[in-house]
Amino acid sequence: MKKRSPSTPSETPEALRQFHLGTDDPHPAWDAGRAHGPVTLSDHTDRETMHFFTREDVEEVLGDETRFSARCNQEGMGPYMGEILLGKDGREHTTYRNLVSRAFRASALARWEEQLIRPTIHELLDAIAPLGRADLVRDVTAPYPTRVIAAIIGVPVEDHEKFHTWSTLINGGPMNPEAGRAASTAMREYLTPIVEDRRAQPREDLISDIVHARVEGEQLDDEHIYGFLRLLLPAGAETTYREMGILLLALMQHPEFLDRLRRDRSAIPHVIEETLRWESSAPMIARVATRDTEVRGCPIAEGTRVTLSMGSANRDANVYPSAELWDPSHPSDPPHLAFGWGRHVCLGMHLARLELRVGLDAVLDRLPGLRLDPERPVPEIRGTAFRGPETLPVRFEPT
Ligand code: HEM
């Protein structure tokens with residue numbers, strides 16, 4: 001295979017140079033990265049990371065956990081979350097994932113659809129339906145998945161605003177450590193009496209399962225218990241609310257398609273997959289090289305941190321024609337990588353798809369004439385590590 005070398009800073013295209021520091025719109029950097037090849041960039045702490053942008057490169061790294069470990073996620077998010085599944089490798093990861101994976105299987109989620117997910121979205125829509133206008137992010141997409149994951153885990157749903165705030169600050173910990181640590185402490189203090197209660201009196205919820213789970217005969221220590229809870233709440237809330245905002249924005253920007261979907265709902269699952277491909281709410285994944293190695297001819301030294309831009313791989317023109325367009329007539333094969341791939345593939349992907357499907361169906365039923373508010377600026381999808389519109393001011397016929 002032809003040797004490739006990651007470019008030096010002076011050879012790096014301008015669009016890529018600022019990328020690692022965070023930007024509202026990473027697409028110009030991703031487009032340049034796919035054309036240019038892997039690059040090494042420094043972040044605000046001068047730490048170097050090698051970035052990969054094409055589908056082939058991303059698949060190779062995610063497909064080989066012996067050469068690329070996820071333990072850097074423990075280093076990055078551990079200070080805010082505790083001991084996390086996302087930072088474990090090999091058998092240890094399998095053991096911990098098995099403790100919670102049953103609750104998130106597609107078959108286990110069926111009962112949540114009618115008991116929890118549909119009532120939650122309708123309750124939120126009840127509040128805005130008579131008004132004829134709303135901010136769909138503030139009023140619907142932000143509280144909806146936060147309430148759902150809170151109920152599944154077994155924490156009081158009425159505290160969803162607290163979870164939403166903590167989730168955002170914990171996920172943003174690497175960029176704003178002080179706020180991230182404060183949110184982590186506050187969340188643990190809040191959870192402690194609930195964990196203690198379930199220790200004494202288990203219920204039918206995920207906290208009870210986690211508190212009473214055994215690994216090699218031993219109950220989990222507090223670091224692992226709170227690690228699970230501090231990963232699951234933010235992972236289940238922030239990603240899905242942002243993706244639902246992206247989905248609704250894309251549809252309102254294609255009103256002819258929105259009308260067609262209102263009449264024929266059979267395309268909803270495909271529209272969701274196309275939206276995840278086009279713009280993923282969590283578009284980057286981190287790994288670290290466990291040895292000196294190479295990725296399709298590009299040399300990588302042991303210990304190098306590697307960032308995979310799934311948002312870029314999902315727009316690789318070698319895989320998807322007119323990849324930059326949101327177009328539900330695109331085939332959904334090969335599947336996108338928005339939920340990652342391999343060992344750490346998103347634990348909550350069936351839940352996320354279910355929430356998006358039920359949520360969109362309810363919005364189409366309850367908000368006739370849904371359109372962007374013509375008197376407000378057109379919302380934009382923004383962010384690097386997490387993407388989505390911050391607001392969605394809309395109008396509809398009051399009912
Ligand atoms: C549209 C919504 C979502 C997106 C785009 C998304 C994206 C991702 C991605 C890309 C990964 C892989 C990370 C890696 O390999 O380093 C991941 C892992 C994970 N996701 Fe999601 N996610 C979503 C919704 C959810 C939900 C609803 C939950 C609720 C439980 C969840 C829980 C997790 C967990 C626990 C992991 C770590 C799995 C492991 O390490 O084995 N996610 N997610």
# chains A, B, ... in the order shown; residues from 1 in each chain; ligands from 1

$ residues_around --residues "segment 9-18 of chain A" --least-positions-apart "2" --cutoff "8 Å" --atoms "only C-alpha atoms" --output "number ranges by chain"
A: 7, 20-23, 28-30, 32-33, 36, 39-41

$ residues_near_ligand --ligand "ligand 1" --cutoff "6 Å" --atoms "only C-alpha atoms and all ligand atoms" --output "JSON, numbers by chain"
{"A": [85, 86, 97, 232, 235, 236, 239, 240, 243, 280, 281, 282, 285, 286, 338, 339, 340, 344, 345, 346, 347, 348, 349, 351, 352]}

$ residues_around --residues "segment 223-228 of chain A" --least-positions-apart "4" --cutoff "9 Å" --atoms "only C-alpha atoms" --output "count of residues only"
16

$ residues_around --residues "Val271 of chain A" --least-positions-apart "2" --cutoff "9 Å" --atoms "only C-alpha atoms" --output "list in words"
Leu247, Ala267, Ile268, Pro269, Glu273, Glu274, Thr275, Leu276, Asp327, Pro328 and Ser329 of chain A

$ select_by_dssp --residues "segment 28-272 of chain A" --states "strand (DSSP E)" --output "PyMOL selection string"
chain A and resi 39-42+48-52+68-69+133-135+214-215+218-219

$ atom_distance --atom1 "atom CA of Arg260 of chain A" --atom2 "atom CA of Leu125 of chain A"
21.4 Å

$ select_by_dssp --residues "segment 178-312 of chain A" --states "alpha helix (DSSP H)" --output "short mmCIF file (atom, residue, chain, number, x, y, z; two decimals) with N, CA, C and O atoms, in the first residue's frame"
data_model
loop_
_atom_site.label_atom_id
_atom_site.label_comp_id
_atom_site.auth_asym_id
_atom_site.auth_seq_id
_atom_site.Cartn_x
_atom_site.Cartn_y
_atom_site.Cartn_z
N GLU A 178 -14.23 23.47 35.09
CA GLU A 178 -14.78 23.88 36.39
C GLU A 178 -16.30 23.62 36.44
O GLU A 178 -16.82 23.01 37.37
N ALA A 179 -16.99 24.06 35.39
CA ALA A 179 -18.44 23.87 35.34
C ALA A 179 -18.78 22.38 35.25
O ALA A 179 -19.75 21.91 35.86
N GLY A 180 -17.97 21.63 34.51
CA GLY A 180 -18.19 20.18 34.35
C GLY A 180 -18.08 19.47 35.69
O GLY A 180 -18.92 18.63 36.05
N ARG A 181 -17.02 19.82 36.48
CA ARG A 181 -16.82 19.16 37.79
C ARG A 181 -17.93 19.54 38.76
O ARG A 181 -18.43 18.72 39.51
N ALA A 182 -18.35 20.82 38.73
CA ALA A 182 -19.41 21.26 39.64
C ALA A 182 -20.71 20.51 39.32
O ALA A 182 -21.43 20.06 40.23
N ALA A 183 -21.03 20.35 38.03
CA ALA A 183 -22.25 19.64 37.64
C ALA A 183 -22.17 18.18 38.07
O ALA A 183 -23.15 17.59 38.53
N SER A 184 -20.97 17.59 37.93
CA SER A 184 -20.77 16.19 38.29
C SER A 184 -21.01 15.98 39.78
O SER A 184 -21.70 15.04 40.20
N THR A 185 -20.47 16.90 40.61
CA THR A 185 -20.66 16.80 42.06
C THR A 185 -22.13 16.99 42.42
O THR A 185 -22.70 16.23 43.20
N ALA A 186 -22.76 17.98 41.79
CA ALA A 186 -24.18 18.25 42.10
C ALA A 186 -25.03 17.04 41.73
O ALA A 186 -25.95 16.66 42.48
N MET A 187 -24.71 16.42 40.60
CA MET A 187 -25.52 15.28 40.17
C MET A 187 -25.34 14.10 41.13
O MET A 187 -26.29 13.41 41.48
N ARG A 188 -24.10 13.90 41.57
CA ARG A 188 -23.86 12.79 42.50
C ARG A 188 -24.59 13.03 43.82
O ARG A 188 -25.21 12.12 44.38
N GLU A 189 -24.53 14.27 44.32
CA GLU A 189 -25.23 14.56 45.59
C GLU A 189 -26.73 14.33 45.44
O GLU A 189 -27.39 13.81 46.33
N TYR A 190 -27.26 14.71 44.28
CA TYR A 190 -28.68 14.51 44.02
C TYR A 190 -29.02 13.00 43.98
O TYR A 190 -30.05 12.56 44.50
N LEU A 191 -28.12 12.23 43.33
CA LEU A 191 -28.42 10.80 43.12
C LEU A 191 -28.21 9.95 44.38
O LEU A 191 -28.81 8.88 44.50
N THR A 192 -27.36 10.41 45.31
CA THR A 192 -26.99 9.57 46.45
C THR A 192 -28.20 9.01 47.22
O THR A 192 -28.29 7.79 47.41
N PRO A 193 -29.16 9.86 47.65
CA PRO A 193 -30.29 9.27 48.38
C PRO A 193 -31.10 8.29 47.54
O PRO A 193 -31.65 7.32 48.07
N ILE A 194 -31.15 8.51 46.22
CA ILE A 194 -31.92 7.59 45.36
C ILE A 194 -31.20 6.25 45.27
O ILE A 194 -31.81 5.18 45.40
N VAL A 195 -29.88 6.30 45.11
CA VAL A 195 -29.08 5.06 45.05
C VAL A 195 -29.23 4.30 46.37
O VAL A 195 -29.45 3.08 46.39
N GLU A 196 -29.13 5.01 47.49
CA GLU A 196 -29.24 4.36 48.81
C GLU A 196 -30.62 3.73 49.00
O GLU A 196 -30.75 2.63 49.51
N ASP A 197 -31.64 4.44 48.53
CA ASP A 197 -33.00 3.91 48.63
C ASP A 197 -33.12 2.59 47.85
O ASP A 197 -33.68 1.61 48.35
N ARG A 198 -32.56 2.55 46.62
CA ARG A 198 -32.67 1.33 45.81
C ARG A 198 -31.81 0.20 46.36
O ARG A 198 -32.07 -0.97 46.15
N ARG A 199 -30.72 0.57 47.06
CA ARG A 199 -29.90 -0.47 47.72
C ARG A 199 -30.76 -1.19 48.75
O ARG A 199 -30.75 -2.41 48.85
N ALA A 200 -31.54 -0.40 49.50
CA ALA A 200 -32.37 -0.98 50.57
C ALA A 200 -33.62 -1.64 49.99
O ALA A 200 -34.02 -2.71 50.43
N LEU A 206 -33.74 0.88 36.26
CA LEU A 206 -32.36 0.59 35.89
C LEU A 206 -31.40 0.88 37.05
O LEU A 206 -30.38 0.20 37.20
N ILE A 207 -31.72 1.88 37.88
CA ILE A 207 -30.83 2.16 39.03
C ILE A 207 -30.76 0.91 39.90
O ILE A 207 -29.67 0.50 40.31
N SER A 208 -31.91 0.28 40.18
CA SER A 208 -31.91 -0.91 41.02
C SER A 208 -31.06 -2.01 40.38
O SER A 208 -30.27 -2.68 41.07
N ASP A 209 -31.20 -2.19 39.04
CA ASP A 209 -30.40 -3.22 38.35
C ASP A 209 -28.90 -2.93 38.54
O ASP A 209 -28.11 -3.84 38.80
N ILE A 210 -28.53 -1.65 38.38
CA ILE A 210 -27.10 -1.30 38.45
C ILE A 210 -26.58 -1.48 39.88
O ILE A 210 -25.52 -2.05 40.12
N VAL A 211 -27.37 -1.00 40.86
CA VAL A 211 -26.92 -1.05 42.26
C VAL A 211 -26.75 -2.51 42.73
O VAL A 211 -25.84 -2.83 43.48
N HIS A 212 -27.60 -3.40 42.21
CA HIS A 212 -27.55 -4.79 42.68
C HIS A 212 -26.79 -5.71 41.72
O HIS A 212 -26.70 -6.91 41.97
N ASP A 222 -19.03 2.41 44.19
CA ASP A 222 -19.75 3.66 43.90
C ASP A 222 -19.25 4.34 42.63
O ASP A 222 -20.03 4.94 41.89
N GLU A 223 -17.93 4.28 42.38
CA GLU A 223 -17.39 4.93 41.18
C GLU A 223 -18.06 4.38 39.91
O GLU A 223 -18.35 5.12 38.98
N HIS A 224 -18.29 3.04 39.90
CA HIS A 224 -18.94 2.44 38.73
C HIS A 224 -20.43 2.76 38.69
O HIS A 224 -20.99 3.02 37.64
N ILE A 225 -21.07 2.73 39.87
CA ILE A 225 -22.52 3.01 39.90
C ILE A 225 -22.77 4.44 39.39
O ILE A 225 -23.55 4.67 38.47
N TYR A 226 -22.06 5.40 39.99
CA TYR A 226 -22.29 6.79 39.56
C TYR A 226 -21.76 7.03 38.15
O TYR A 226 -22.27 7.87 37.42
N GLY A 227 -20.74 6.27 37.76
CA GLY A 227 -20.23 6.38 36.39
C GLY A 227 -21.29 5.99 35.38
O GLY A 227 -21.49 6.68 34.36
N PHE A 228 -21.99 4.89 35.64
CA PHE A 228 -23.07 4.47 34.74
C PHE A 228 -24.13 5.58 34.65
O PHE A 228 -24.56 5.96 33.58
N LEU A 229 -24.54 6.07 35.82
CA LEU A 229 -25.65 7.05 35.84
C LEU A 229 -25.23 8.36 35.19
O LEU A 229 -26.00 8.98 34.45
N ARG A 230 -23.97 8.76 35.44
CA ARG A 230 -23.53 10.04 34.86
C ARG A 230 -23.21 9.92 33.38
O ARG A 230 -23.07 10.91 32.69
N LEU A 231 -23.05 8.68 32.86
CA LEU A 231 -22.90 8.51 31.41
C LEU A 231 -24.28 8.39 30.75
O LEU A 231 -24.56 9.01 29.74
N LEU A 232 -25.16 7.57 31.37
CA LEU A 232 -26.43 7.26 30.70
C LEU A 232 -27.35 8.47 30.59
O LEU A 232 -27.98 8.68 29.56
N LEU A 233 -27.41 9.29 31.64
CA LEU A 233 -28.32 10.45 31.57
C LEU A 233 -27.88 11.42 30.46
O LEU A 233 -28.67 11.71 29.56
N PRO A 234 -26.62 11.88 30.46
CA PRO A 234 -26.22 12.79 29.36
C PRO A 234 -26.25 12.10 28.00
O PRO A 234 -26.70 12.70 27.01
N ALA A 235 -25.78 10.84 27.93
CA ALA A 235 -25.73 10.18 26.61
C ALA A 235 -27.14 10.01 26.05
O ALA A 235 -27.36 10.13 24.85
N GLY A 236 -28.10 9.75 26.94
CA GLY A 236 -29.46 9.52 26.47
C GLY A 236 -30.23 10.80 26.19
O GLY A 236 -31.23 10.79 25.50
N ALA A 237 -29.77 11.91 26.77
CA ALA A 237 -30.54 13.15 26.65
C ALA A 237 -30.00 14.07 25.56
O ALA A 237 -30.71 14.43 24.62
N GLU A 238 -28.73 14.42 25.66
CA GLU A 238 -28.22 15.50 24.81
C GLU A 238 -28.19 15.12 23.33
O GLU A 238 -28.56 15.92 22.47
N THR A 239 -27.76 13.89 23.04
CA THR A 239 -27.63 13.47 21.63
C THR A 239 -29.00 13.45 20.95
O THR A 239 -29.17 13.98 19.85
N THR A 240 -29.99 12.85 21.63
CA THR A 240 -31.28 12.65 20.98
C THR A 240 -32.03 13.96 20.80
O THR A 240 -32.68 14.19 19.78
N TYR A 241 -31.92 14.86 21.80
CA TYR A 241 -32.65 16.12 21.64
C TYR A 241 -32.07 16.92 20.49
O TYR A 241 -32.79 17.54 19.71
N ARG A 242 -30.75 16.86 20.35
CA ARG A 242 -30.14 17.61 19.24
C ARG A 242 -30.53 16.99 17.89
O ARG A 242 -30.80 17.70 16.93
N GLU A 243 -30.55 15.64 17.84
CA GLU A 243 -30.88 15.00 16.56
C GLU A 243 -32.33 15.29 16.18
O GLU A 243 -32.64 15.48 15.00
N MET A 244 -33.21 15.36 17.17
CA MET A 244 -34.61 15.64 16.84
C MET A 244 -34.75 17.07 16.32
O MET A 244 -35.54 17.34 15.41
N GLY A 245 -33.95 17.99 16.86
CA GLY A 245 -33.96 19.36 16.33
C GLY A 245 -33.48 19.39 14.89
O GLY A 245 -34.06 20.09 14.03
N ILE A 246 -32.44 18.62 14.60
CA ILE A 246 -31.91 18.57 13.22
C ILE A 246 -32.98 18.00 12.28
O ILE A 246 -33.24 18.52 11.19
N LEU A 247 -33.65 16.94 12.73
CA LEU A 247 -34.69 16.28 11.93
C LEU A 247 -35.83 17.26 11.60
O LEU A 247 -36.26 17.37 10.44
N LEU A 248 -36.32 17.97 12.62
CA LEU A 248 -37.45 18.88 12.39
C LEU A 248 -37.03 20.06 11.53
O LEU A 248 -37.79 20.50 10.65
N LEU A 249 -35.82 20.55 11.73
CA LEU A 249 -35.34 21.67 10.91
C LEU A 249 -35.24 21.23 9.44
O LEU A 249 -35.70 21.94 8.53
N ALA A 250 -34.64 20.06 9.21
CA ALA A 250 -34.48 19.58 7.82
C ALA A 250 -35.86 19.46 7.16
O ALA A 250 -36.05 19.87 6.01
N LEU A 251 -36.84 18.95 7.90
CA LEU A 251 -38.18 18.78 7.31
C LEU A 251 -38.84 20.13 7.02
O LEU A 251 -39.45 20.31 5.97
N MET A 252 -38.69 21.08 7.96
CA MET A 252 -39.34 22.38 7.72
C MET A 252 -38.64 23.13 6.59
O MET A 252 -39.25 23.99 5.95
N PRO A 255 -40.58 21.82 2.82
CA PRO A 255 -42.01 21.75 3.15
C PRO A 255 -42.79 20.78 2.28
O PRO A 255 -43.73 20.14 2.76
N GLU A 256 -42.38 20.62 1.00
CA GLU A 256 -43.12 19.69 0.14
C GLU A 256 -42.97 18.26 0.68
O GLU A 256 -43.91 17.47 0.69
N PHE A 257 -41.77 17.97 1.20
CA PHE A 257 -41.55 16.64 1.75
C PHE A 257 -42.30 16.46 3.08
O PHE A 257 -42.86 15.40 3.35
N LEU A 258 -42.32 17.52 3.87
CA LEU A 258 -43.04 17.49 5.16
C LEU A 258 -44.53 17.17 4.91
O LEU A 258 -45.13 16.34 5.60
N ASP A 259 -45.11 17.80 3.88
CA ASP A 259 -46.52 17.55 3.54
C ASP A 259 -46.74 16.09 3.15
O ASP A 259 -47.70 15.46 3.57
N ARG A 260 -45.82 15.59 2.30
CA ARG A 260 -45.96 14.20 1.84
C ARG A 260 -45.88 13.24 3.04
O ARG A 260 -46.63 12.29 3.15
N LEU A 261 -44.97 13.54 3.96
CA LEU A 261 -44.77 12.66 5.12
C LEU A 261 -45.99 12.70 6.04
O LEU A 261 -46.35 11.70 6.65
N ARG A 262 -46.62 13.87 6.11
CA ARG A 262 -47.83 13.98 6.94
C ARG A 262 -48.91 13.03 6.43
O ARG A 262 -49.61 12.41 7.20
N ARG A 263 -48.99 12.90 5.08
CA ARG A 263 -50.03 12.04 4.50
C ARG A 263 -49.63 10.56 4.54
O ARG A 263 -50.44 9.68 4.68
N ILE A 268 -41.09 7.49 7.47
CA ILE A 268 -40.44 8.08 8.66
C ILE A 268 -39.12 7.38 9.03
O ILE A 268 -38.11 8.06 9.22
N PRO A 269 -39.07 6.04 9.11
CA PRO A 269 -37.79 5.43 9.51
C PRO A 269 -36.65 5.80 8.55
O PRO A 269 -35.53 6.07 8.99
N HIS A 270 -36.96 5.85 7.25
CA HIS A 270 -35.91 6.18 6.29
C HIS A 270 -35.47 7.64 6.43
O HIS A 270 -34.27 7.96 6.32
N VAL A 271 -36.42 8.54 6.68
CA VAL A 271 -36.09 9.96 6.87
C VAL A 271 -35.17 10.12 8.09
O VAL A 271 -34.23 10.93 8.07
N ILE A 272 -35.44 9.35 9.12
CA ILE A 272 -34.59 9.41 10.32
C ILE A 272 -33.17 8.95 9.99
O ILE A 272 -32.19 9.60 10.38
N GLU A 273 -33.04 7.87 9.24
CA GLU A 273 -31.69 7.38 8.90
C GLU A 273 -30.95 8.39 8.02
O GLU A 273 -29.76 8.63 8.21
N GLU A 274 -31.67 8.99 7.06
CA GLU A 274 -31.03 9.97 6.19
C GLU A 274 -30.58 11.19 7.01
O GLU A 274 -29.51 11.76 6.78
N THR A 275 -31.37 11.58 8.02
CA THR A 275 -30.99 12.73 8.85
C THR A 275 -29.75 12.39 9.69
O THR A 275 -28.83 13.20 9.81
N LEU A 276 -29.71 11.19 10.25
CA LEU A 276 -28.54 10.78 11.04
C LEU A 276 -27.29 10.77 10.16
O LEU A 276 -26.20 11.13 10.60
N ARG A 277 -27.45 10.32 8.91
CA ARG A 277 -26.30 10.30 8.00
C ARG A 277 -25.84 11.71 7.67
O ARG A 277 -24.66 12.05 7.75
N TRP A 278 -26.81 12.55 7.35
CA TRP A 278 -26.50 13.90 6.86
C TRP A 278 -25.88 14.77 7.95
O TRP A 278 -24.91 15.48 7.73
N MET A 310 -17.04 11.13 12.37
CA MET A 310 -18.10 10.34 11.74
C MET A 310 -18.97 11.24 10.86
O MET A 310 -19.47 10.82 9.83
N GLY A 311 -19.12 12.51 11.30
CA GLY A 311 -19.90 13.46 10.51
C GLY A 311 -19.29 13.65 9.13
O GLY A 311 -20.01 13.90 8.16
N SER A 312 -17.97 13.49 9.04
CA SER A 312 -17.30 13.59 7.75
C SER A 312 -17.44 12.27 6.97
O SER A 312 -17.78 12.27 5.79
#

$ atom_distance --atom1 "atom CA of Thr384 of chain A" --atom2 "atom CA of His51 of chain A"
13.5 Å

$ closest_residue --among "A:Glu380, A:Asp135, A:Asp221, A:Asp361" --to "His122 of chain A" --atoms "only C-alpha atoms"
A:Asp361

$ closest_residue --among "A:Asp139, A:Thr54, A:Asp24, A:Val288" --to "Asn318 of chain A" --atoms "only C-alpha atoms"
A:Thr54

$ residues_around --residues "segment 110-120 of chain A" --least-positions-apart "6" --cutoff "7 Å" --atoms "only C-alpha atoms" --output "ChimeraX atom specification"
/A:144,148,355,358

$ closest_residue --among "A:Ala35, A:Pro398, A:Arg382, A:Ile300" --to "Arg366 of chain A" --atoms "only C-alpha atoms"
A:Pro398

$ closest_residue --among "A:Leu325, A:Leu360, A:Leu131, A:Leu337" --to "Leu62 of chain A" --atoms "only C-alpha atoms"
A:Leu337

$ residues_around --residues "Pro374 of chain A" --least-positions-apart "6" --cutoff "12 Å" --atoms "only C-alpha atoms" --output "VMD selection string"
chain A and resid 133 252 to 253 392 to 396

$ write_last_selection --atoms "C-alpha atoms" --output "mmCIF file, in the first residue's frame"
data_model
loop_
_atom_site.group_PDB
_atom_site.id
_atom_site.type_symbol
_atom_site.label_atom_id
_atom_site.label_comp_id
_atom_site.auth_asym_id
_atom_site.auth_seq_id
_atom_site.Cartn_x
_atom_site.Cartn_y
_atom_site.Cartn_z
ATOM 1 C CA ARG A 133 -46.292 29.213 17.998
ATOM 2 C CA MET A 252 -39.339 22.380 7.720
ATOM 3 C CA GLN A 253 -36.719 23.416 5.173
ATOM 4 C CA LEU A 392 -36.483 26.265 16.562
ATOM 5 C CA PRO A 393 -39.035 29.110 16.513
ATOM 6 C CA VAL A 394 -42.093 27.808 14.642
ATOM 7 C CA ARG A 395 -45.705 28.597 13.757
ATOM 8 C CA PHE A 396 -48.603 26.151 13.235
#
